[in-house]
Each structure stands twice: as structure tokens, then as C-alpha cells.
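K.L.:
Please find one structure pasted underneath; my questions will follow.
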Amino acid sequence: MVKQKTKKPSGKPFVVGALILLAAAGGTFGYLLFAEKDNGQTYRMRVGKGQGVSGVSRKLAEDDVIYNRTVMMAGAYVLGVQNKLHAGNYKLPQKVSAWQILKRLKEGRPDTITIRIIEGMKFSQMRGIINQSPDLAHDTKNLSDAELLQKIDPDALSSYPEGLFAPDSYEIDAESSDLALYKLAYKTQQRNLQAAWEERQSGLPYKNPYELLTMASIVEKETGHKDDRRHVAAVFVNRLNIGMRLQTDPSVIYGMGDAYKGNIRKSDLQRDTPYNTYTRAGLTPTPISLPGKAALEAAAHPSNANYLYFVSKMDGTGKSKFSHTLSEHNDAVRQYILKK
């Protein structure tokens, strides 16, 4: 009896099956990496300094923003960004894929917002703008001014925050703490003030940097015209030097607080407050606004003119007419205010 040789089973079905499984796995991997997931709304993602894709992908997976954390981490290695993420806040669209997120992280374009604080604003107005910004974390909203200042600098020049923060346009990461913005504005103002104080001209009637800051805040409120700032500063410096009262309306308005309704009356000028420079000699006890860098420089470098008076020209330019004597000033008032 002749034995028939049995055929060995072919390996082709196994190979084909493996390829099919690999293709399926590859397809699933590709889908999980490249397919956009609809999350129903935009999403804010925070990448901390030094944070890698492991922590970021964990948070995204927990919040159900991506399909699969392992797939995203593998994609990060493909792009070479697993440990090279740019810190910052990122706003992701409603529909986004893990691959799109990784590319965004590789490009390093975190979202920032701009908060503009205008020269001459009061600190209360600055707080209002910051408190109303929807893209900041409002960690200080319920703090008093004194509590906020304590968090920023327990050794501040004053326990009163007016004037201590620089008006400017600040670009900051979205969703950052508002405290970070206050600290930035505070440090900027202290740097500007220190520079103005160190570079000030000699013979000025300021006992310390805080008095220079106070003068700058008055100059800021009295004029916004760059050609007039140093002359305005000169008027007030000249008055201080001869013991003449400053008699500046913005200080009276500041002292009126919420009682000011847009008009200043004769009775307001006569009503004594710590800020009424018609009834009290010298500088106001604190700044009356947030002065910008130009106002600080003007207070530190007033012009050499012997002016003692000025009045707005009321011509839309913002410029003022400066006078040496009361007689000259009265003539200017008749010309520009009374139109006689």
C-alpha cells in the first residue's frame, strides 16, 4: 500500500488575515488620530510650562475632547512634539482632531487677549474693565483694593492703589489669572516711576517718588496733548515753589467721588475735601489717576517756563493757552472760554 503525502497547510491565509488585521488596526488608528470629534462647543486648553503631551492628552481624554489618549501620544512621537509643547492657552474649535491639536501645539500659537487700560483712568475703572473681561480667571474679583495690593506687594509705596498701575495695552494668555495682569501693570508702573525719579531734573519740589507720581497723575488729567504736558507740569511746580494752591479741577472732581455727575459748580470748588486743591495747599494726598509714562516724564522734566496759569483753547486740539500773570490769564479766559 502506497502512502499518500499529506500537504502542509499553506501560510497564505494566515498572512492575509494578519494583513487584514493590520489594515483594520491601521485604519482604526488613523481614524482616531485624524477624524474630527464634535465636542459641541469650543474648548480652552491650558499647557503649563514644561508640560509634555502625556499630561495634556490625559486632560483632553478626561474631558472627552479626543477619541483616544494612546493614539494622540503616538501621533505626538510621529510629529516629534512629545516633550516640546509651547506653554500657553489654546482655544480649540468645536470640531477638532487629535492630529490638528498636535499640529497646533507644534506651531506654538497659544491664544492671547489684549486688555487696554487708558491713561488717566481711575483704578476703579481699571478694575471694572478687568472684572468684565470674559477671558480671564477672576481670582481677585471679590478682594478689596487693599487686599489686592497686599497680594501684589505688601511693601507698596501706599496702601491706596490709585496711580500705582501703568495704563497700557497688555497682551496676556487667555484664561490667565487676573492677578497676573495686575502684577504686570504694577511692575511696569514701578519701573517707569523709578526711571523717572532717577532721571528727574534737579530742584523739583518732590520729597519722594510718590509725590512725583501724584504730580504726574494731575498732569495726566489736565492735558492729553503731548506738546502741553511739560508746560502743565511747570505751572504746578511753579505754584508749589511759591506756595500757591494748585487749584486744579480734576482733583476736586476726584474728591467728589460718586457725587460728581458731569458738572463742577462753584459750591463744589468751595466744599473742602482732602483732594480740593482750591481749599488746600500742596499736592493731593494720593494720585488721582493712572498716569502714563509720558506724564511721569513731564512731571520729572517740567519746562523752564515761568507759567502760573493755563486754560483750554476749546478748539478741538486739546491744547491750552499758558500765561505768566493773572491779567494774561483773564484775557485768555475771555478769549477762549467766554468768547469775548
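Ligands are numbered from 1 in the order shown, chains are lettered A, B, ... in the order of the C-alpha cells, and residues start at 1 in each chain.
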Could you pull the residues within 7 Å of A:Pro167, counting only C-alpha atoms, minus those fewer than 2 positions along the same chain, as a list in words?

P.N.:
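With the cut-off at 7 Å, the set is Ile117, Ile118, Glu119, Phe165, Leu290, Pro291 and Gly292 of chain A.
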
K.L.:
Suppose we keep N, CA and C atoms; can you now write the selection as a PDB file, in the first residue's frame?

P.N.:
ATOM      1  N   ILE A 117      -5.807  99.512  29.149  1.00  0.00           N
ATOM      2  CA  ILE A 117      -6.061 100.449  30.243  1.00  0.00           C
ATOM      3  C   ILE A 117      -5.595 101.815  29.758  1.00  0.00           C
ATOM      4  N   ILE A 118      -6.508 102.780  29.714  1.00  0.00           N
ATOM      5  CA  ILE A 118      -6.227 104.075  29.115  1.00  0.00           C
ATOM      6  C   ILE A 118      -5.639 105.043  30.144  1.00  0.00           C
ATOM      7  N   GLU A 119      -4.674 105.852  29.687  1.00  0.00           N
ATOM      8  CA  GLU A 119      -4.072 106.867  30.553  1.00  0.00           C
ATOM      9  C   GLU A 119      -5.148 107.783  31.135  1.00  0.00           C
ATOM     10  N   PHE A 165      -0.489 101.604  39.088  1.00  0.00           N
ATOM     11  CA  PHE A 165      -0.559 100.654  37.980  1.00  0.00           C
ATOM     12  C   PHE A 165      -0.441 101.404  36.652  1.00  0.00           C
ATOM     13  N   LEU A 290      -4.397 107.059  36.890  1.00  0.00           N
ATOM     14  CA  LEU A 290      -3.288 106.194  36.484  1.00  0.00           C
ATOM     15  C   LEU A 290      -2.493 106.945  35.412  1.00  0.00           C
ATOM     16  N   PRO A 291      -1.360 107.531  35.770  1.00  0.00           N
ATOM     17  CA  PRO A 291      -0.597 108.304  34.782  1.00  0.00           C
ATOM     18  C   PRO A 291       0.253 107.406  33.893  1.00  0.00           C
ATOM     19  N   GLY A 292       0.352 107.789  32.628  1.00  0.00           N
ATOM     20  CA  GLY A 292       1.190 107.058  31.701  1.00  0.00           C
ATOM     21  C   GLY A 292       2.640 107.489  31.796  1.00  0.00           C
TER      22      GLY A 292
END

K.L.:
Near stretch 96-113 of chain A, counting only C-alpha atoms, which residues have an atom at most 7 Å away, once you skip same-chain residues fewer than 3 positions from it, shown as a PyMOL selection string?

P.N.:
chain A and resi 33-38+66+72+75-76+81+85-86+88-91+93+171-174

K.L.:
For A:Asp272, find every residue with an atom within 12 Å (counting only C-alpha atoms), except residues of its own chain fewer than 5 positions away, and show them as a list of chain:residue names.

P.N.:
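Once the adjacent positions are removed, what remains is A:Ser251, A:Val252, A:Ile253, A:Gly255, A:Met256, A:Lys266, A:Ser267, A:Thr277, A:Tyr278, A:Thr279, A:Arg280, A:Ala281.
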
K.L.:
Go ahead and write the residues just picked, C-alpha atoms, as a PDB file, in the first residue's frame.

P.N.:
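The result, stored in part.pdb:
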ATOM      1  CA  SER A 251      -8.538 116.899  41.854  1.00  0.00           C
ATOM      2  CA  VAL A 252     -11.807 118.431  43.060  1.00  0.00           C
ATOM      3  CA  ILE A 253     -13.765 116.029  40.859  1.00  0.00           C
ATOM      4  CA  GLY A 255     -12.583 114.161  45.779  1.00  0.00           C
ATOM      5  CA  MET A 256     -16.291 114.380  44.935  1.00  0.00           C
ATOM      6  CA  LYS A 266     -18.771 126.925  42.364  1.00  0.00           C
ATOM      7  CA  SER A 267     -20.065 125.266  45.522  1.00  0.00           C
ATOM      8  CA  THR A 277      -6.735 121.945  45.765  1.00  0.00           C
ATOM      9  CA  TYR A 278      -8.754 125.167  45.908  1.00  0.00           C
ATOM     10  CA  THR A 279      -9.159 124.856  49.676  1.00  0.00           C
ATOM     11  CA  ARG A 280      -5.923 123.045  50.490  1.00  0.00           C
ATOM     12  CA  ALA A 281      -2.303 123.791  49.660  1.00  0.00           C
TER      13      ALA A 281
END

K.L.:
DSSP on the backbone: which residues in stretch 19-244 of chain A end up as alpha helix (DSSP H)? Give the answer as a ChimeraX atom specification.

P.N.:
/A:19-34,53-62,69-79,98-107,123-131,145-152,178-198,209-222,229-242

K.L.:
Could you tell me which of A:Arg191, A:Lys95, A:His231, A:Lys319 comes closest to A:Leu213 if we count only C-alpha atoms?

P.N.:
A:Arg191

K.L.:
Of the residues A:Ser176, A:Asp155, A:Tyr31, A:Ala294, which is the one nearest to A:Pro134, using only C-alpha atoms?

P.N.:
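Closest to A:Pro134, using only C-alpha atoms: A:Ser176.
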
K.L.:
Give me, as a ChimeraX atom specification, all polymer residues having an atom no more than 8 Å from A:Arg230, counting only C-alpha atoms and skipping those fewer than 2 positions away in the same chain.

P.N.:
/A:227-228,232-234,298-299,301-303

K.L.:
For A:Val235, which residue out of A:Tyr170, A:Tyr186, A:Tyr307, A:Tyr254 is the nearest one, using only C-alpha atoms?

P.N.:
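The shortest atom-to-atom distance to A:Val235 comes from A:Tyr307.
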
K.L.:
Find the residues near A:Arg69: any atom within 7 Å, counting only C-alpha atoms, skip ones fewer than 4 places away on the same chain, and give them as a ChimeraX atom specification.

P.N.:
/A:57-58,61,73

K.L.:
Which residue gives the smallest distance to A:Leu246 among A:Leu308, A:Leu179, A:Leu149, A:Ala74, with only C-alpha atoms counted?

P.N.:
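Of A:Leu308, A:Leu179, A:Leu149, A:Ala74, the one nearest A:Leu246 is A:Leu308, counting only C-alpha atoms.
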